[in-house]
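Asks: Next comes the structure file start34.cif, holding mmCIF, C-alpha atoms and all ligand atoms.
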```
data_model
loop_
_atom_site.label_atom_id
_atom_site.label_comp_id
_atom_site.auth_asym_id
_atom_site.auth_seq_id
_atom_site.Cartn_x
_atom_site.Cartn_y
_atom_site.Cartn_z
CA MET Y 643 -90.05 149.49 351.92
CA ARG Y 644 -87.75 150.48 354.78
CA VAL Y 645 -85.62 153.55 354.13
CA LEU Y 646 -82.72 154.92 356.15
CA LEU Y 647 -82.14 158.68 355.83
CA THR Y 648 -78.66 159.84 356.83
CA GLY Y 649 -78.91 163.54 357.68
CA GLY Y 650 -82.68 163.15 358.03
CA ALA Y 651 -83.04 166.24 360.26
CA GLY Y 652 -81.38 168.59 357.75
CA TYR Y 653 -83.11 170.96 355.35
CA ILE Y 654 -83.59 168.52 352.46
CA GLY Y 655 -83.67 165.44 354.71
CA SER Y 656 -86.57 166.72 356.82
CA HIS Y 657 -88.76 167.61 353.84
CA THR Y 658 -88.01 164.22 352.27
CA LEU Y 659 -88.76 162.52 355.58
CA LEU Y 660 -92.14 164.21 355.61
CA LYS Y 661 -92.84 163.17 352.00
CA LEU Y 662 -91.88 159.52 352.64
CA LEU Y 663 -94.00 159.34 355.80
CA GLN Y 664 -96.96 160.80 353.92
CA ASP Y 665 -96.50 158.00 351.38
CA GLY Y 666 -96.61 155.37 354.12
CA ILE Y 667 -92.93 154.40 353.88
CA ASP Y 668 -91.19 153.04 356.95
CA VAL Y 669 -88.27 155.37 357.72
CA LEU Y 670 -85.41 155.82 360.15
CA ALA Y 671 -83.81 159.27 360.41
CA LEU Y 672 -80.16 159.19 361.48
CA ASP Y 673 -78.56 162.51 362.41
CA ASN Y 674 -75.97 163.89 364.80
CA PHE Y 675 -77.57 167.38 364.72
CA SER Y 676 -74.22 168.93 363.76
CA ASN Y 677 -76.13 171.23 361.40
CA SER Y 678 -79.74 170.82 362.54
CA SER Y 679 -81.95 170.72 365.59
CA PRO Y 680 -83.85 167.84 367.26
CA GLU Y 681 -86.85 170.17 367.10
CA VAL Y 682 -87.06 169.40 363.35
CA LEU Y 683 -87.92 165.76 364.02
CA ARG Y 684 -90.50 166.70 366.66
CA ARG Y 685 -92.18 168.98 364.13
CA VAL Y 686 -92.22 166.32 361.41
CA GLN Y 687 -93.73 163.93 363.95
CA LYS Y 688 -96.46 166.46 364.74
CA LEU Y 689 -97.14 167.24 361.08
CA THR Y 690 -97.61 163.58 360.17
CA ASN Y 691 -99.17 162.57 363.44
CA SER Y 692 -97.07 159.45 363.22
CA SER Y 693 -94.08 158.12 365.05
CA PHE Y 694 -91.00 157.01 363.15
CA ALA Y 695 -87.61 155.63 364.09
CA THR Y 696 -84.76 158.00 364.84
CA HIS Y 697 -81.15 157.47 365.83
CA VAL Y 698 -78.85 160.19 367.13
CA GLY Y 699 -75.27 159.56 366.07
CA ASP Y 700 -72.49 160.08 363.57
CA TYR Y 701 -73.08 158.13 360.36
CA ARG Y 702 -69.31 157.78 359.90
CA ALA Y 703 -68.94 155.61 363.00
CA PRO Y 704 -69.11 151.91 361.98
CA ASP Y 705 -70.65 150.89 365.32
CA VAL Y 706 -73.42 153.48 364.94
CA LEU Y 707 -74.20 152.28 361.43
CA ASP Y 708 -74.04 148.61 362.40
CA GLU Y 709 -76.50 149.22 365.22
CA VAL Y 710 -78.89 151.06 362.87
CA PHE Y 711 -78.65 148.41 360.16
CA GLU Y 712 -79.18 145.57 362.64
CA LYS Y 713 -82.11 147.30 364.31
CA PHE Y 714 -83.85 148.70 361.23
CA ARG Y 715 -82.73 146.44 358.31
CA PRO Y 716 -83.23 149.12 355.61
CA ASP Y 717 -83.99 148.15 351.98
CA ALA Y 718 -82.58 151.46 350.81
CA VAL Y 719 -80.57 154.44 352.03
CA ILE Y 720 -81.05 158.08 351.08
CA HIS Y 721 -77.71 159.65 351.88
CA PHE Y 722 -77.96 163.37 352.75
CA ALA Y 723 -75.44 163.69 355.60
CA GLY Y 724 -72.31 165.67 354.92
CA LEU Y 725 -70.74 169.10 354.85
CA LYS Y 726 -71.90 171.51 352.18
CA ALA Y 727 -70.24 174.95 352.39
CA VAL Y 728 -68.15 175.71 349.31
CA GLY Y 729 -66.09 178.47 350.99
CA GLU Y 730 -65.30 176.34 354.03
CA SER Y 731 -64.27 173.46 351.77
CA ASN Y 732 -61.55 175.66 350.25
CA GLU Y 733 -60.18 176.32 353.75
CA LYS Y 734 -60.56 172.77 355.12
CA PRO Y 735 -60.36 170.36 352.18
CA LEU Y 736 -59.25 167.39 354.30
CA THR Y 737 -62.21 167.81 356.63
CA TYR Y 738 -64.48 167.74 353.60
CA TYR Y 739 -62.83 164.65 352.11
CA ALA Y 740 -62.92 162.86 355.48
CA GLN Y 741 -66.53 163.76 356.26
CA ASN Y 742 -68.02 163.33 352.81
CA VAL Y 743 -65.85 160.82 350.93
CA SER Y 744 -64.57 158.55 353.75
CA GLY Y 745 -67.99 158.71 355.41
CA SER Y 746 -69.69 157.56 352.22
CA ILE Y 747 -67.22 154.68 351.78
CA ASN Y 748 -68.01 153.50 355.33
CA LEU Y 749 -71.69 153.73 354.57
CA LEU Y 750 -71.38 151.64 351.37
CA ASP Y 751 -69.25 149.12 353.25
CA CYS Y 752 -71.90 148.81 355.92
CA MET Y 753 -74.66 148.46 353.30
CA GLN Y 754 -72.65 145.68 351.68
CA ARG Y 755 -72.12 143.83 354.96
CA HIS Y 756 -75.83 144.02 355.73
CA GLY Y 757 -77.06 143.15 352.24
CA CYS Y 758 -78.62 146.56 351.52
CA GLN Y 759 -78.49 147.13 347.76
CA ASN Y 760 -80.13 150.49 347.05
CA ILE Y 761 -78.90 154.03 347.52
CA VAL Y 762 -80.08 157.50 346.54
CA PHE Y 763 -77.27 160.01 346.88
CA SER Y 764 -77.44 163.81 347.34
CA SER Y 765 -75.21 165.06 344.58
CA SER Y 766 -75.14 168.55 343.18
CA ALA Y 767 -75.12 170.49 339.93
CA THR Y 768 -71.78 171.80 341.16
CA VAL Y 769 -70.20 168.60 339.74
CA TYR Y 770 -70.56 170.11 336.25
CA GLY Y 771 -68.38 173.18 336.83
CA GLU Y 772 -68.15 175.89 334.15
CA ALA Y 773 -70.85 175.29 331.51
CA GLN Y 774 -69.59 174.09 328.13
CA TYR Y 775 -73.20 174.32 326.95
CA LEU Y 776 -76.60 174.96 328.54
CA PRO Y 777 -78.82 173.56 329.82
CA TYR Y 778 -76.60 171.10 331.68
CA ASP Y 779 -77.62 167.57 330.78
CA GLU Y 780 -76.36 164.51 332.64
CA ASP Y 781 -73.74 163.87 329.93
CA HIS Y 782 -72.17 167.30 330.36
CA PRO Y 783 -68.47 166.88 331.30
CA LEU Y 784 -67.83 166.89 335.05
CA ASN Y 785 -65.32 169.45 336.23
CA PRO Y 786 -66.10 170.69 339.77
CA THR Y 787 -64.16 173.80 340.75
CA ASN Y 788 -63.87 173.46 344.55
CA PRO Y 789 -63.21 170.71 347.13
CA TYR Y 790 -66.90 170.44 348.11
CA GLY Y 791 -67.86 169.83 344.48
CA ARG Y 792 -65.03 167.34 344.11
CA THR Y 793 -66.27 165.35 347.13
CA LYS Y 794 -69.60 164.98 345.29
CA TYR Y 795 -67.81 163.98 342.10
CA PHE Y 796 -65.61 161.40 343.87
CA ILE Y 797 -68.55 159.92 345.77
CA GLU Y 798 -70.49 159.59 342.51
CA GLU Y 799 -67.55 157.68 340.99
CA ILE Y 800 -67.15 155.47 344.07
CA ILE Y 801 -70.85 154.62 344.02
CA ARG Y 802 -70.62 153.83 340.28
CA ASP Y 803 -67.73 151.41 340.89
CA TRP Y 804 -69.55 149.81 343.81
CA ILE Y 805 -72.69 149.32 341.73
CA ALA Y 806 -70.65 147.88 338.84
CA SER Y 807 -69.33 145.21 341.21
CA ARG Y 808 -72.82 144.22 342.41
CA PRO Y 809 -75.25 143.03 339.73
CA HIS Y 810 -78.36 143.47 341.87
CA ALA Y 811 -77.51 146.84 343.39
CA SER Y 812 -78.98 150.16 342.36
CA ALA Y 813 -78.07 153.83 342.79
CA VAL Y 814 -79.64 157.11 341.82
CA LEU Y 815 -77.31 160.10 341.98
CA LEU Y 816 -79.58 163.12 342.26
CA ARG Y 817 -77.85 166.28 341.03
CA TYR Y 818 -79.76 169.06 342.74
CA PHE Y 819 -79.77 172.52 341.24
CA ASN Y 820 -80.78 175.20 343.83
CA PRO Y 821 -83.13 173.85 346.53
CA VAL Y 822 -85.30 176.58 348.09
CA GLY Y 823 -88.65 177.22 349.80
CA ALA Y 824 -90.37 175.42 352.64
CA ASP Y 825 -93.20 173.05 353.45
CA GLU Y 826 -96.68 174.61 353.04
CA SER Y 827 -97.27 174.35 356.80
CA GLY Y 828 -94.46 176.78 357.58
CA ASN Y 829 -93.42 174.45 360.41
CA ILE Y 830 -90.20 173.25 358.81
CA GLY Y 831 -87.81 175.09 356.52
CA GLU Y 832 -84.22 176.11 355.91
CA ASP Y 833 -82.47 177.34 359.05
CA PRO Y 834 -78.79 178.08 358.42
CA ARG Y 835 -76.72 178.26 361.60
CA ALA Y 836 -74.44 181.12 360.52
CA ILE Y 837 -74.99 184.04 358.15
CA PRO Y 838 -76.49 182.38 355.07
CA ASN Y 839 -74.29 181.81 352.03
CA ASN Y 840 -77.23 181.14 349.76
CA LEU Y 841 -79.45 183.73 348.16
CA LEU Y 842 -82.92 182.81 349.36
CA PRO Y 843 -82.21 182.37 353.09
CA TYR Y 844 -80.25 185.63 352.94
CA ILE Y 845 -83.18 187.48 351.36
CA SER Y 846 -85.58 185.90 353.89
CA GLN Y 847 -83.47 187.10 356.80
CA VAL Y 848 -83.30 190.63 355.35
CA ALA Y 849 -87.09 190.59 354.97
CA VAL Y 850 -87.61 189.50 358.57
CA GLY Y 851 -85.16 192.11 359.87
CA ARG Y 852 -82.30 189.82 360.98
CA LEU Y 853 -79.96 191.18 358.28
CA LYS Y 854 -79.73 194.75 357.02
CA GLU Y 855 -79.32 194.46 353.27
CA LEU Y 856 -78.55 191.99 350.52
CA SER Y 857 -75.30 192.24 348.59
CA ILE Y 858 -75.88 191.26 344.97
CA PHE Y 859 -72.69 189.64 343.76
CA GLY Y 860 -72.21 191.28 340.37
CA ASN Y 861 -74.56 192.93 337.88
CA ASN Y 862 -72.37 192.66 334.79
CA TYR Y 863 -72.91 189.01 333.85
CA GLU Y 864 -74.21 188.09 330.42
CA THR Y 865 -77.78 187.54 331.60
CA ARG Y 866 -81.13 189.36 331.09
CA ASP Y 867 -80.37 191.94 333.79
CA GLY Y 868 -76.67 191.34 334.51
CA THR Y 869 -77.21 189.33 337.72
CA GLY Y 870 -76.55 185.60 338.16
CA GLU Y 871 -79.14 183.15 336.87
CA ARG Y 872 -79.95 179.88 338.67
CA ASP Y 873 -82.44 177.04 338.49
CA TYR Y 874 -84.35 177.20 341.83
CA ILE Y 875 -86.14 173.99 342.73
CA HIS Y 876 -88.88 174.00 345.37
CA ILE Y 877 -88.07 171.76 348.33
CA ASP Y 878 -91.42 169.95 348.09
CA ASP Y 879 -90.69 169.05 344.45
CA LEU Y 880 -87.20 167.95 345.48
CA ALA Y 881 -88.65 165.78 348.23
CA ALA Y 882 -91.02 164.22 345.67
CA ALA Y 883 -88.01 163.50 343.43
CA HIS Y 884 -86.44 161.53 346.30
CA LEU Y 885 -89.59 159.51 346.78
CA ALA Y 886 -89.64 158.69 343.06
CA ALA Y 887 -85.89 157.94 343.07
CA VAL Y 888 -85.99 155.55 346.01
CA LYS Y 889 -88.86 153.64 344.38
CA TYR Y 890 -86.92 153.57 341.11
CA ALA Y 891 -83.81 152.26 342.87
CA HIS Y 892 -85.88 149.60 344.57
CA GLU Y 893 -87.25 148.34 341.24
CA ASN Y 894 -84.19 148.66 338.97
CA HIS Y 895 -80.50 147.73 338.80
CA GLY Y 896 -77.56 149.94 337.87
CA CYS Y 897 -76.50 153.51 338.47
CA GLU Y 898 -78.18 156.63 337.09
CA ALA Y 899 -77.26 160.29 337.54
CA ILE Y 900 -80.36 162.49 337.30
CA ASN Y 901 -80.71 166.28 337.34
CA VAL Y 902 -83.31 167.76 339.68
CA GLY Y 903 -84.29 171.23 338.55
CA THR Y 904 -87.03 173.11 336.73
CA GLY Y 905 -85.18 173.78 333.48
CA THR Y 906 -85.65 177.55 333.91
CA GLY Y 907 -83.24 180.18 335.20
CA ILE Y 908 -84.22 183.03 337.55
CA THR Y 909 -81.90 186.02 338.07
CA VAL Y 910 -81.02 187.51 341.45
CA LEU Y 911 -83.02 190.67 340.70
CA GLU Y 912 -86.04 188.62 339.63
CA MET Y 913 -85.82 186.69 342.91
CA VAL Y 914 -85.64 189.92 344.94
CA LYS Y 915 -88.70 191.31 343.17
CA ALA Y 916 -90.71 188.10 343.61
CA PHE Y 917 -89.81 187.96 347.29
CA GLU Y 918 -90.85 191.58 347.80
CA GLU Y 919 -94.22 190.76 346.26
CA ALA Y 920 -94.67 187.62 348.38
CA SER Y 921 -93.67 189.25 351.66
CA GLY Y 922 -94.90 192.78 351.17
CA ARG Y 923 -91.50 193.88 352.51
CA GLU Y 924 -88.83 195.88 350.76
CA ILE Y 925 -85.49 194.09 350.32
CA PRO Y 926 -82.76 196.73 350.44
CA PHE Y 927 -79.74 195.71 348.35
CA LYS Y 928 -76.43 196.97 347.07
CA ILE Y 929 -74.40 195.82 344.11
CA ALA Y 930 -71.16 194.19 345.24
CA GLU Y 931 -68.20 192.55 343.53
CA ARG Y 932 -68.70 189.20 341.81
CA ARG Y 933 -68.26 186.28 344.20
CA GLN Y 934 -65.23 184.17 343.35
CA GLY Y 935 -66.13 180.94 341.56
CA ASP Y 936 -69.66 182.02 340.57
CA VAL Y 937 -70.89 181.21 337.08
CA ALA Y 938 -73.24 183.48 335.12
CA ARG Y 939 -75.96 180.95 334.37
CA SER Y 940 -76.91 177.49 335.56
CA PHE Y 941 -80.00 175.53 334.70
CA ALA Y 942 -80.91 171.94 334.15
CA GLU Y 943 -81.99 169.75 331.29
CA VAL Y 944 -84.79 167.86 333.02
CA SER Y 945 -86.09 165.26 330.57
CA LYS Y 946 -84.17 162.35 332.15
CA ALA Y 947 -86.01 162.82 335.46
CA GLN Y 948 -89.31 162.83 333.62
CA ARG Y 949 -88.39 159.76 331.58
CA LEU Y 950 -86.96 157.59 334.37
CA LEU Y 951 -88.76 158.85 337.46
CA ASP Y 952 -91.95 160.25 335.92
CA TRP Y 953 -91.12 163.39 337.89
CA THR Y 954 -91.27 167.07 336.96
CA ALA Y 955 -91.21 170.19 339.10
CA LYS Y 956 -94.72 171.46 339.82
CA ARG Y 957 -94.05 174.61 341.82
CA ASP Y 958 -93.07 178.01 340.52
CA LEU Y 959 -91.29 181.13 341.73
CA THR Y 960 -94.42 182.44 343.48
CA ASP Y 961 -94.71 179.19 345.48
CA ILE Y 962 -91.03 179.39 346.35
CA CYS Y 963 -91.21 182.92 347.76
CA ARG Y 964 -94.60 182.43 349.44
CA THR Y 965 -93.53 179.28 351.33
CA ALA Y 966 -90.07 180.64 352.19
CA TRP Y 967 -91.69 183.76 353.65
CA ASN Y 968 -94.38 181.76 355.46
CA TRP Y 969 -91.64 179.71 357.19
CA GLN Y 970 -89.38 182.68 357.95
CA SER Y 971 -92.14 184.97 359.24
CA LYS Y 972 -93.58 182.21 361.47
CA ASN Y 973 -90.08 181.30 362.72
CA PRO Y 974 -88.01 184.49 362.63
CA SER Y 975 -85.19 182.80 364.58
CA GLY Y 976 -85.55 179.43 362.90
CA PHE Y 977 -85.97 176.33 365.10
CA GLU Y 978 -84.47 178.05 368.14
CA HIS Y 979 -87.71 180.06 368.71
P1 LIG U 1 -78.13 170.17 355.96
O1 LIG U 1 -76.82 170.57 356.57
O2 LIG U 1 -79.35 170.95 356.33
O3 LIG U 1 -78.41 168.64 356.25
C1 LIG U 1 -77.39 167.71 356.48
C2 LIG U 1 -77.76 166.96 357.75
O4 LIG U 1 -76.76 165.97 357.99
C3 LIG U 1 -77.79 167.85 359.00
O5 LIG U 1 -78.97 167.59 359.73
C4 LIG U 1 -76.57 167.43 359.79
O6 LIG U 1 -76.75 167.57 361.19
C5 LIG U 1 -76.42 165.99 359.36
N1 LIG U 1 -75.04 165.49 359.43
C6 LIG U 1 -73.91 166.07 358.96
N2 LIG U 1 -72.85 165.29 359.23
C7 LIG U 1 -73.32 164.19 359.87
C8 LIG U 1 -72.72 163.03 360.39
N3 LIG U 1 -71.39 162.85 360.31
N4 LIG U 1 -73.50 162.10 360.98
C9 LIG U 1 -74.85 162.27 361.07
N5 LIG U 1 -75.47 163.35 360.60
C10 LIG U 1 -74.72 164.31 360.00
O7 LIG U 1 -77.91 170.18 354.38
P2 LIG U 1 -79.01 170.06 353.24
O8 LIG U 1 -79.11 171.38 352.57
O9 LIG U 1 -80.20 169.38 353.72
O10 LIG U 1 -78.19 169.12 352.23
C11 LIG U 1 -78.32 167.72 352.27
C12 LIG U 1 -77.38 167.12 351.24
O11 LIG U 1 -77.67 167.67 349.95
C13 LIG U 1 -75.91 167.40 351.49
O12 LIG U 1 -75.17 166.24 351.17
C14 LIG U 1 -75.60 168.51 350.52
O13 LIG U 1 -74.24 168.51 350.14
C15 LIG U 1 -76.51 168.18 349.36
N6 LIG U 1 -76.86 169.34 348.53
C16 LIG U 1 -77.45 170.43 349.11
C17 LIG U 1 -77.75 171.54 348.33
C18 LIG U 1 -78.39 172.76 348.95
O14 LIG U 1 -78.36 173.82 348.32
N7 LIG U 1 -78.96 172.70 350.14
C19 LIG U 1 -77.46 171.52 346.95
C20 LIG U 1 -76.88 170.39 346.40
C21 LIG U 1 -76.58 169.29 347.20
N1 LIG U 2 -76.08 185.71 345.51
C1 LIG U 2 -76.04 187.07 345.78
N2 LIG U 2 -75.97 187.45 347.09
C2 LIG U 2 -75.94 186.57 348.12
C3 LIG U 2 -75.99 185.18 347.84
C4 LIG U 2 -76.04 184.79 346.50
O1 LIG U 2 -76.07 187.90 344.87
O2 LIG U 2 -75.85 186.99 349.30
C5 LIG U 2 -76.18 185.26 344.09
C6 LIG U 2 -75.03 184.40 343.61
O3 LIG U 2 -74.00 185.21 343.10
C7 LIG U 2 -75.71 183.55 342.53
C8 LIG U 2 -77.14 183.38 343.06
O4 LIG U 2 -77.35 184.44 343.99
O5 LIG U 2 -75.78 184.24 341.31
C9 LIG U 2 -77.38 182.04 343.79
O6 LIG U 2 -76.38 181.87 344.79
P1 LIG U 2 -76.43 180.67 345.83
O7 LIG U 2 -75.23 180.81 346.72
O8 LIG U 2 -77.76 180.64 346.48
O9 LIG U 2 -76.33 179.38 344.92
P2 LIG U 2 -75.13 178.85 343.98
O10 LIG U 2 -74.25 179.99 343.64
O11 LIG U 2 -74.46 177.82 344.81
O12 LIG U 2 -75.80 178.30 342.79
#
```
I'd like the structure from this file rewritten - as structure tokens, please.
Ligand code: NAD
Ligand code: UDP
Replies:
Amino acid sequence: MRVLLTGGAGYIGSHTLLKLLQDGIDVLALDNFSNSSPEVLRRVQKLTNSSFATHVGDYRAPDVLDEVFEKFRPDAVIHFAGLKAVGESNEKPLTYYAQNVSGSINLLDCMQRHGCQNIVFSSSATVYGEAQYLPYDEDHPLNPTNPYGRTKYFIEEIIRDWIASRPHASAVLLRYFNPVGADESGNIGEDPRAIPNNLLPYISQVAVGRLKELSIFGNNYETRDGTGERDYIHIDDLAAAHLAAVKYAHENHGCEAINVGTGTGITVLEMVKAFEEASGREIPFKIAERRQGDVARSFAEVSKAQRLLDWTAKRDLTDICRTAWNWQSKNPSGFEH
């Protein structure tokens, strides 16, 4: 099978790239490095000791996509590329709709013109919005609360309509919960360009001395210890879910939304404690105001992934903190040395 990865140099793209190469799949990584470094692809090459196709360019440009499709003739696309910062999406909604929604329409159009029938799409648990019940299952009503989340929702709907019009096409919409951790090697990992928005990269940068202290956004939620609870999924498990999903898409027709999580919630304080144990470093923190738009608890119902993809998360909180620390301590400044 030949698989095109849009955004293949990003955090989730690079770990999936590694997983697919290790499985012997023929891949092409397309990226414009707007939120990643070419160094990522060099490191994946080294880790796998194999060469793979790459293309530097903007996936939204029809001529770029046409060139890639003509050259590589993919059987399937895993579509990671896009913008992902919730706060920024509130300030620049049109940029988010243009990048994420229009870009995805162009991609589907190009797939159609080149006879490519299978897509795995990076969706997010954020499409669910405020929980009406927990855990979130795939039938939970969709009510995203910010423009970023709405781009994911709209793309899901567009893909559904596209699939409905094409009897032999197939899509898997993977709704990620909270991707964290790094490859065991410590050679690739999450490397946010600005001050991290997400909890684990923030903690990692405090541990390594790049940031002074963590602000915990609220300790008066209705959770075990008052801090927010999330379903953290190890990046290696998430990469394995993509491998399973692209094989599923290749062998089936229709459109399926599938949660990718562990089914278990971890609080912010539990994460801090686990990271302190893994790193042997103290994580200074202060309690701050709640962050606007945050929910108290979020975790996944995971039986659909097991049923359709024969996939379950294998790694636990200790693996998450150990691999995140291994990556951060080996690469204190990320890919920029
Ligand atoms: P990332 O920013 O690390 O990766 C995205 C990659 O796409 C980057 O390498 C970037 O350079 C590239 N890219 C962006 N726009 C492009 C364009 N126009 N043309 C070509 N390349 C482009 O993000 P990530 O964390 O790996 O996320 C991947 C996908 O998963 C995104 O769609 C994101 O919305 C989704 N997602 C991420 C999370 C998370 O917590 N990381 C959670 C849910 C969903
Ligand atoms: N969080 C925090 N401090 C930070 C970043 C995050 O206390 O600097 C909390 C946040 O309020 C939430 C949890 O950590 O309860 C996970 O946040 P993240 O942004 O990583 O994921 P999301 O909120 O998108 O699920």
Asks: Rounded to one decimal in Å, what is the spacing between atom CA of Y:Phe675 and atom CA of Y:Ile720?
Replies: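 That distance, rounded to one decimal, is 16.9 Å.
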Asks: Could you pull the residues within 12 Å of Y:Arg933, counting only C-alpha atoms, minus those fewer than 2 positions along the same chain, as a PDB file with C-alpha atoms, in the coordinates of the input?
Replies:
```pdb
ATOM      1  CA  VAL Y 728     -68.150 175.710 349.310  1.00  0.00           C
ATOM      2  CA  GLY Y 729     -66.090 178.470 350.990  1.00  0.00           C
ATOM      3  CA  ASN Y 839     -74.290 181.810 352.030  1.00  0.00           C
ATOM      4  CA  ASN Y 840     -77.230 181.140 349.760  1.00  0.00           C
ATOM      5  CA  SER Y 857     -75.300 192.240 348.590  1.00  0.00           C
ATOM      6  CA  ILE Y 858     -75.880 191.260 344.970  1.00  0.00           C
ATOM      7  CA  PHE Y 859     -72.690 189.640 343.760  1.00  0.00           C
ATOM      8  CA  GLY Y 860     -72.210 191.280 340.370  1.00  0.00           C
ATOM      9  CA  ASN Y 861     -74.560 192.930 337.880  1.00  0.00           C
ATOM     10  CA  TYR Y 863     -72.910 189.010 333.850  1.00  0.00           C
ATOM     11  CA  THR Y 869     -77.210 189.330 337.720  1.00  0.00           C
ATOM     12  CA  GLY Y 870     -76.550 185.600 338.160  1.00  0.00           C
ATOM     13  CA  ILE Y 929     -74.400 195.820 344.110  1.00  0.00           C
ATOM     14  CA  ALA Y 930     -71.160 194.190 345.240  1.00  0.00           C
ATOM     15  CA  GLU Y 931     -68.200 192.550 343.530  1.00  0.00           C
ATOM     16  CA  GLY Y 935     -66.130 180.940 341.560  1.00  0.00           C
ATOM     17  CA  ASP Y 936     -69.660 182.020 340.570  1.00  0.00           C
ATOM     18  CA  VAL Y 937     -70.890 181.210 337.080  1.00  0.00           C
ATOM     19  CA  ALA Y 938     -73.240 183.480 335.120  1.00  0.00           C
TER      20      ALA Y 938
END
```
Asks: Report as a list in words all protein, DNA and RNA residues lying within 8 Å of Y:Leu749, evaluated on all atoms listed in the file, omitting residues in the same chain fewer than 3 positions from it.
Replies: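 What passes the distance filter is Tyr701, Arg702, Leu707, Gly745, Ser746, Cys752 and Met753 of chain Y.
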Asks: With a cut-off of 7 Å, could you pull out the residues of chain Y touching ligand LIG 1 (chain U) and give me the nearest pair of atoms for each, distance in Å to one decimal, using only C-alpha atoms and all ligand atoms, ordered by chain and ascending number, as JSON lines?
Replies:
```
{"residue": "Y:Thr648", "atom": "CA", "partner": "U:LIG1", "partner_atom": "N5", "distance": 6.1}
{"residue": "Y:Gly649", "atom": "CA", "partner": "U:LIG1", "partner_atom": "O4", "distance": 3.3}
{"residue": "Y:Gly650", "atom": "CA", "partner": "U:LIG1", "partner_atom": "O5", "distance": 6.0}
{"residue": "Y:Ala651", "atom": "CA", "partner": "U:LIG1", "partner_atom": "O5", "distance": 4.3}
{"residue": "Y:Gly652", "atom": "CA", "partner": "U:LIG1", "partner_atom": "O5", "distance": 3.3}
{"residue": "Y:Tyr653", "atom": "CA", "partner": "U:LIG1", "partner_atom": "O9", "distance": 3.7}
{"residue": "Y:Ile654", "atom": "CA", "partner": "U:LIG1", "partner_atom": "O9", "distance": 3.7}
{"residue": "Y:Gly655", "atom": "CA", "partner": "U:LIG1", "partner_atom": "O9", "distance": 5.3}
{"residue": "Y:Leu672", "atom": "CA", "partner": "U:LIG1", "partner_atom": "C9", "distance": 6.2}
{"residue": "Y:Asp673", "atom": "CA", "partner": "U:LIG1", "partner_atom": "N5", "distance": 3.7}
{"residue": "Y:Asn674", "atom": "CA", "partner": "U:LIG1", "partner_atom": "C9", "distance": 4.2}
{"residue": "Y:Phe675", "atom": "CA", "partner": "U:LIG1", "partner_atom": "O6", "distance": 3.6}
{"residue": "Y:Ser676", "atom": "CA", "partner": "U:LIG1", "partner_atom": "O6", "distance": 3.9}
{"residue": "Y:Asn677", "atom": "CA", "partner": "U:LIG1", "partner_atom": "O6", "distance": 3.7}
{"residue": "Y:Ser678", "atom": "CA", "partner": "U:LIG1", "partner_atom": "O5", "distance": 4.3}
{"residue": "Y:Gly699", "atom": "CA", "partner": "U:LIG1", "partner_atom": "C9", "distance": 5.7}
{"residue": "Y:Asp700", "atom": "CA", "partner": "U:LIG1", "partner_atom": "N4", "distance": 3.4}
{"residue": "Y:Tyr701", "atom": "CA", "partner": "U:LIG1", "partner_atom": "N4", "distance": 4.0}
{"residue": "Y:Arg702", "atom": "CA", "partner": "U:LIG1", "partner_atom": "N3", "distance": 5.5}
{"residue": "Y:Phe722", "atom": "CA", "partner": "U:LIG1", "partner_atom": "C12", "distance": 4.1}
{"residue": "Y:Ala723", "atom": "CA", "partner": "U:LIG1", "partner_atom": "O4", "distance": 3.6}
{"residue": "Y:Gly724", "atom": "CA", "partner": "U:LIG1", "partner_atom": "N2", "distance": 4.4}
{"residue": "Y:Leu725", "atom": "CA", "partner": "U:LIG1", "partner_atom": "O13", "distance": 5.9}
{"residue": "Y:Lys726", "atom": "CA", "partner": "U:LIG1", "partner_atom": "O13", "distance": 4.3}
{"residue": "Y:Gln741", "atom": "CA", "partner": "U:LIG1", "partner_atom": "N3", "distance": 6.4}
{"residue": "Y:Ser764", "atom": "CA", "partner": "U:LIG1", "partner_atom": "O11", "distance": 4.7}
{"residue": "Y:Ser765", "atom": "CA", "partner": "U:LIG1", "partner_atom": "C21", "distance": 5.2}
{"residue": "Y:Ser766", "atom": "CA", "partner": "U:LIG1", "partner_atom": "C20", "distance": 4.1}
{"residue": "Y:Ala767", "atom": "CA", "partner": "U:LIG1", "partner_atom": "C20", "distance": 6.7}
{"residue": "Y:Arg817", "atom": "CA", "partner": "U:LIG1", "partner_atom": "C20", "distance": 6.8}
{"residue": "Y:Tyr818", "atom": "CA", "partner": "U:LIG1", "partner_atom": "C20", "distance": 4.8}
{"residue": "Y:Phe819", "atom": "CA", "partner": "U:LIG1", "partner_atom": "C19", "distance": 6.2}
{"residue": "Y:Asn820", "atom": "CA", "partner": "U:LIG1", "partner_atom": "O14", "distance": 5.3}
{"residue": "Y:Pro821", "atom": "CA", "partner": "U:LIG1", "partner_atom": "O14", "distance": 5.1}
```
Asks: By how many Å are atom CA of Y:Glu898 and atom CA of Y:Val814 apart?
Replies: 5.0 Å
Asks: At a cut-off of 12 Å, using all atoms listed in the file, what residues contact Y:Val914? Leave out same-chain residues fewer than 5 positions from it and give the result as a list in words.
Replies: Leu841, Leu842, Pro843, Tyr844, Ile845, Ser846, Val848, Ala849, Glu855, Leu856, Ser857, Ile858, Thr869, Ile908, Thr909, Glu919, Ala920, Ser921, Gly922, Arg923, Glu924, Ile925, Pro926, Phe927, Lys928, Leu959, Thr960, Ile962 and Cys963 of chain Y
